[in-house]
Every structure is written in C-alpha cells, then in structure tokens.
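Trainee: Input coords.cif, format and content: mmCIF, C-alpha atoms.
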data_start
loop_
_atom_site.group_PDB
_atom_site.id
_atom_site.type_symbol
_atom_site.label_atom_id
_atom_site.label_comp_id
_atom_site.auth_asym_id
_atom_site.auth_seq_id
_atom_site.Cartn_x
_atom_site.Cartn_y
_atom_site.Cartn_z
ATOM 1 C CA MET E 1 -13.869 3.148 2.080
ATOM 2 C CA SER E 2 -15.151 6.610 2.709
ATOM 3 C CA ALA E 3 -14.084 9.088 0.037
ATOM 4 C CA ARG E 4 -14.300 11.978 2.509
ATOM 5 C CA SER E 5 -12.423 10.440 5.396
ATOM 6 C CA GLY E 6 -9.919 8.389 3.412
ATOM 7 C CA LYS E 7 -10.521 5.500 5.794
ATOM 8 C CA ALA E 8 -10.881 1.878 4.790
ATOM 9 C CA GLU E 9 -12.040 -0.968 6.953
ATOM 10 C CA SER E 10 -9.519 -3.630 7.777
ATOM 11 C CA GLY E 11 -10.514 -7.250 7.482
ATOM 12 C CA SER E 12 -7.426 -8.827 9.023
ATOM 13 C CA GLY E 13 -7.101 -10.316 12.456
ATOM 14 C CA PRO E 14 -9.708 -11.326 14.992
ATOM 15 C CA GLY E 15 -12.153 -8.956 16.562
ATOM 16 C CA PRO E 16 -13.912 -5.902 15.219
ATOM 17 C CA ARG E 17 -12.876 -4.432 11.901
ATOM 18 C CA ALA E 18 -10.549 -1.491 12.468
ATOM 19 C CA GLU E 19 -10.522 1.509 10.182
ATOM 20 C CA ILE E 20 -7.278 2.281 8.375
ATOM 21 C CA ASP E 21 -6.622 5.923 7.517
ATOM 22 C CA ILE E 22 -5.113 5.899 4.020
ATOM 23 C CA ASP E 23 -3.439 9.256 4.721
ATOM 24 C CA ARG E 24 -1.510 7.601 7.563
ATOM 25 C CA VAL E 25 -0.469 4.782 5.227
ATOM 26 C CA PHE E 26 0.866 7.228 2.635
ATOM 27 C CA HIS E 27 2.556 9.296 5.351
ATOM 28 C CA ALA E 28 4.210 6.202 6.799
ATOM 29 C CA LEU E 29 5.454 5.027 3.403
ATOM 30 C CA GLY E 30 6.596 8.531 2.442
ATOM 31 C CA ASP E 31 9.746 8.227 4.541
ATOM 32 C CA PRO E 32 12.736 6.298 3.108
ATOM 33 C CA THR E 33 13.756 4.917 6.506
ATOM 34 C CA ARG E 34 10.268 3.526 7.113
ATOM 35 C CA ARG E 35 10.229 2.022 3.610
ATOM 36 C CA ALA E 36 13.586 0.356 4.408
ATOM 37 C CA ILE E 37 12.079 -1.058 7.609
ATOM 38 C CA VAL E 38 9.091 -2.401 5.646
ATOM 39 C CA ASP E 39 11.483 -3.948 3.094
ATOM 40 C CA MET E 40 13.439 -5.681 5.866
ATOM 41 C CA LEU E 41 10.277 -6.945 7.546
ATOM 42 C CA SER E 42 8.945 -8.203 4.208
ATOM 43 C CA VAL E 43 11.705 -10.798 4.261
ATOM 44 C CA ARG E 44 11.172 -11.945 7.870
ATOM 45 C CA PRO E 45 10.362 -10.629 11.350
ATOM 46 C CA HIS E 46 13.144 -8.704 13.099
ATOM 47 C CA SER E 47 13.886 -7.387 16.563
ATOM 48 C CA VAL E 48 14.131 -3.621 16.985
ATOM 49 C CA SER E 49 17.912 -3.864 17.436
ATOM 50 C CA LYS E 50 18.272 -5.912 14.224
ATOM 51 C CA LEU E 51 16.336 -3.199 12.382
ATOM 52 C CA ALA E 52 18.485 -0.404 13.818
ATOM 53 C CA ALA E 53 21.894 -1.842 12.928
ATOM 54 C CA PRO E 54 21.821 -1.636 9.089
ATOM 55 C CA LEU E 55 19.947 1.672 9.188
ATOM 56 C CA ASN E 56 22.624 3.227 11.409
ATOM 57 C CA ILE E 57 20.020 4.900 13.643
ATOM 58 C CA THR E 58 19.268 4.687 17.354
ATOM 59 C CA LEU E 59 16.822 2.256 18.923
ATOM 60 C CA THR E 60 14.713 5.260 19.929
ATOM 61 C CA ALA E 61 14.528 6.429 16.307
ATOM 62 C CA VAL E 62 13.543 2.930 15.150
ATOM 63 C CA ALA E 63 10.846 2.795 17.840
ATOM 64 C CA GLN E 64 9.440 6.126 16.632
ATOM 65 C CA HIS E 65 9.369 4.918 13.023
ATOM 66 C CA LEU E 66 7.746 1.652 14.113
ATOM 67 C CA GLN E 67 5.021 3.554 15.981
ATOM 68 C CA ILE E 68 4.109 5.424 12.787
ATOM 69 C CA LEU E 69 4.115 2.167 10.807
ATOM 70 C CA GLU E 70 1.956 0.488 13.471
ATOM 71 C CA ASP E 71 -0.511 3.404 13.524
ATOM 72 C CA ALA E 72 -0.853 2.986 9.751
ATOM 73 C CA GLY E 73 -1.565 -0.755 10.063
ATOM 74 C CA LEU E 74 1.621 -1.714 8.192
ATOM 75 C CA VAL E 75 3.632 -3.282 11.019
ATOM 76 C CA ARG E 76 2.845 -5.155 14.219
ATOM 77 C CA THR E 77 5.193 -5.478 17.184
ATOM 78 C CA GLU E 78 5.117 -7.968 20.000
ATOM 79 C CA LYS E 79 7.230 -7.999 23.131
ATOM 80 C CA VAL E 80 8.313 -11.370 24.479
ATOM 81 C CA GLY E 81 10.544 -11.041 27.505
ATOM 82 C CA ARG E 82 13.045 -8.309 26.734
ATOM 83 C CA VAL E 83 12.840 -8.627 22.941
ATOM 84 C CA ARG E 84 10.382 -6.641 20.826
ATOM 85 C CA THR E 85 9.789 -8.464 17.533
ATOM 86 C CA CYS E 86 8.354 -6.656 14.513
ATOM 87 C CA ARG E 87 6.516 -8.132 11.535
ATOM 88 C CA ILE E 88 4.452 -6.997 8.575
ATOM 89 C CA GLU E 89 0.756 -6.357 9.239
ATOM 90 C CA ASN E 90 -1.623 -6.879 6.334
ATOM 91 C CA ALA E 91 -4.318 -4.311 7.220
ATOM 92 C CA GLY E 92 -2.554 -1.194 5.941
ATOM 93 C CA PHE E 93 -1.412 -2.879 2.747
ATOM 94 C CA ALA E 94 -4.903 -4.220 2.088
ATOM 95 C CA ALA E 95 -6.360 -0.718 2.531
ATOM 96 C CA LEU E 96 -3.723 0.696 0.184
ATOM 97 C CA GLU E 97 -4.443 -1.990 -2.401
ATOM 98 C CA ARG E 98 -8.188 -1.242 -2.246
ATOM 99 C CA TRP E 99 -7.574 2.518 -2.543
ATOM 100 C CA ILE E 100 -5.349 2.048 -5.606
ATOM 101 C CA GLY E 101 -7.772 -0.471 -7.134
ATOM 102 C CA GLU E 102 -10.695 1.936 -6.819
ATOM 103 C CA ARG E 103 -8.788 4.688 -8.581
ATOM 104 C CA LYS E 104 -7.495 2.316 -11.238
ATOM 105 C CA SER E 105 -11.043 1.203 -12.062
ATOM 106 C CA LEU E 106 -12.214 4.793 -12.260
ATOM 107 C CA TRP E 107 -9.411 5.837 -14.614
ATOM 108 C CA GLU E 108 -9.801 2.742 -16.799
ATOM 109 C CA LYS E 109 -13.481 3.650 -17.221
ATOM 110 C CA ARG E 110 -12.601 7.227 -18.094
ATOM 111 C CA PHE E 111 -10.002 6.140 -20.657
ATOM 112 C CA ASP E 112 -12.523 3.753 -22.218
ATOM 113 C CA GLN E 113 -15.046 6.611 -22.473
ATOM 114 C CA LEU E 114 -12.380 8.852 -24.019
ATOM 115 C CA GLY E 115 -11.490 6.135 -26.533
ATOM 116 C CA GLU E 116 -15.145 5.759 -27.517
ATOM 117 C CA LEU E 117 -15.501 9.515 -27.882
ATOM 118 C CA LEU E 118 -12.394 9.737 -30.064
ATOM 119 C CA GLU E 119 -13.630 6.913 -32.301
ATOM 120 C CA GLU E 120 -16.834 8.836 -33.112
#
Represent the structure from my file as structure tokens, please.
Mentor:
Amino acid sequence: MSARSGKAESGSGPGPRAEIDIDRVFHALGDPTRRAIVDMLSVRPHSVSKLAAPLNITLTAVAQHLQILEDAGLVRTEKVGRVRTCRIENAGFAALERWIGERKSLWEKRFDQLGELLEE
C-alpha cells in the first residue's frame, strides 16, 4: 500500500489486481445507512428492493449507496434478468484489514520502545 496515495492492491477475483483507495473505504463505511447495507449483505446476498424495505428508503437511494460501496470494493452487484443482486466483495475489506494491521504493528513497536525506555 502506498502511504501517500492511501491505495492498496486488491488480490481478490480474476484478472489484474485493482487498487483500492482506503479513503473511499472509510468514506463508504462512514455512513450509517451504508453500514446497515453491509450488515445485511454480511448475512446473505439481497436484491436492491430487499435492501430498501427495512431501511425505509427509495430504490434510487439504495442504488446510490450501493454505487459508493461498489467503488470502495466492499460490495458487488450483478443483474440477472430484472433483478439486481448484491453481495459482499472482499477487496475493500482486505485493504482495510491491511491498513489497520500496518498501523497496529507500528504502534505496537512504538509502545514496546516506550516500555523499554521507561524501564531504564
């Protein structure tokens, strides 16, 4: 992942590795409606209309939220006939996990150094 760009490479799916912009992932997850959509899709795939009903929002609003989640690599949609089915996409979550892991390692090292310094 590039520290300057905030982009991580995605290793999921066939084809070339796509870059995931971690800022887009955080932006996408920063909205409570999008987090609710992710929670629902974590259980099983849903159609757009099934996502809209419990959220009490329009299909257009759900489609806009889904576009943001797709751009972040968190959700994938597929249209079969007249039904658009949505499911969780691993790429954005993998990038987020790597980003958090890198910072966790850095801070663990710093705390270890602080502990050694305080013991002296």
Trainee: Can you list every residue of range 53-101 of chain E that has an atom at most 7 Å from range 19-23 of chain E, with its nearest atom pair and the distance in Å to one decimal, using only C-alpha atoms, ordered by chain then number, as a tab-separated table?
Mentor:
residue	atom	partner	partner_atom	distance
E:Ala72	CA	E:Ile20	CA	6.6
E:Gly73	CA	E:Ile20	CA	6.7
E:Gly92	CA	E:Ile20	CA	6.3
E:Ala95	CA	E:Ile20	CA	6.6
E:Leu96	CA	E:Ile22	CA	6.6
Trainee: Do you have the CA of Asp112 in chain E-CA of Ala94 in chain E distance handy?
Mentor: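 These two atoms are separated by 26.7 Å.
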Trainee: For CA of Arg24 in chain E and CA of Trp107 in chain E, quote the distance in Å rounded to one decimal.
Mentor: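 These two atoms are separated by 23.6 Å.
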Trainee: At what distance in Å, to one decimal, does CA of Lys109 in chain E lie from CA of Phe93 in chain E?
Mentor: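 Computing it gives 24.2 Å between the two atoms.
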Trainee: Got a sec to resolve the PyMOL selection byres ((chain E and resi 51) around 12) on this structure and send the residues as number ranges by chain?
Mentor: E: 33-41, 44-50, 52-63, 65-66, 84-87
Trainee: Determine the nearest neighbour of Asp71 in chain E from the options E:Ala28, E:Ser42, E:Glu102, E:Leu114, counting only C-alpha atoms.
Mentor: E:Ala28
Trainee: Can you report as lines of an AutoDock Vina configuration file the centre and edge lengths in Å, to one decimal, of an axis-aligned box around the listed atoms of range 28-38 of chain E padded with 3 Å on each side?
Mentor:
center_x = 9.0
center_y = 3.1
center_z = 5.0
size_x = 15.5
size_y = 16.9
size_z = 11.2
Trainee: Find the residue from E:Arg110, E:Arg82, E:His27, E:Lys104 that sits nearest to Ile68 in chain E; use only C-alpha atoms when measuring.
Mentor: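 Checking each candidate against Ile68 in chain E, we get E:His27 as the closest.
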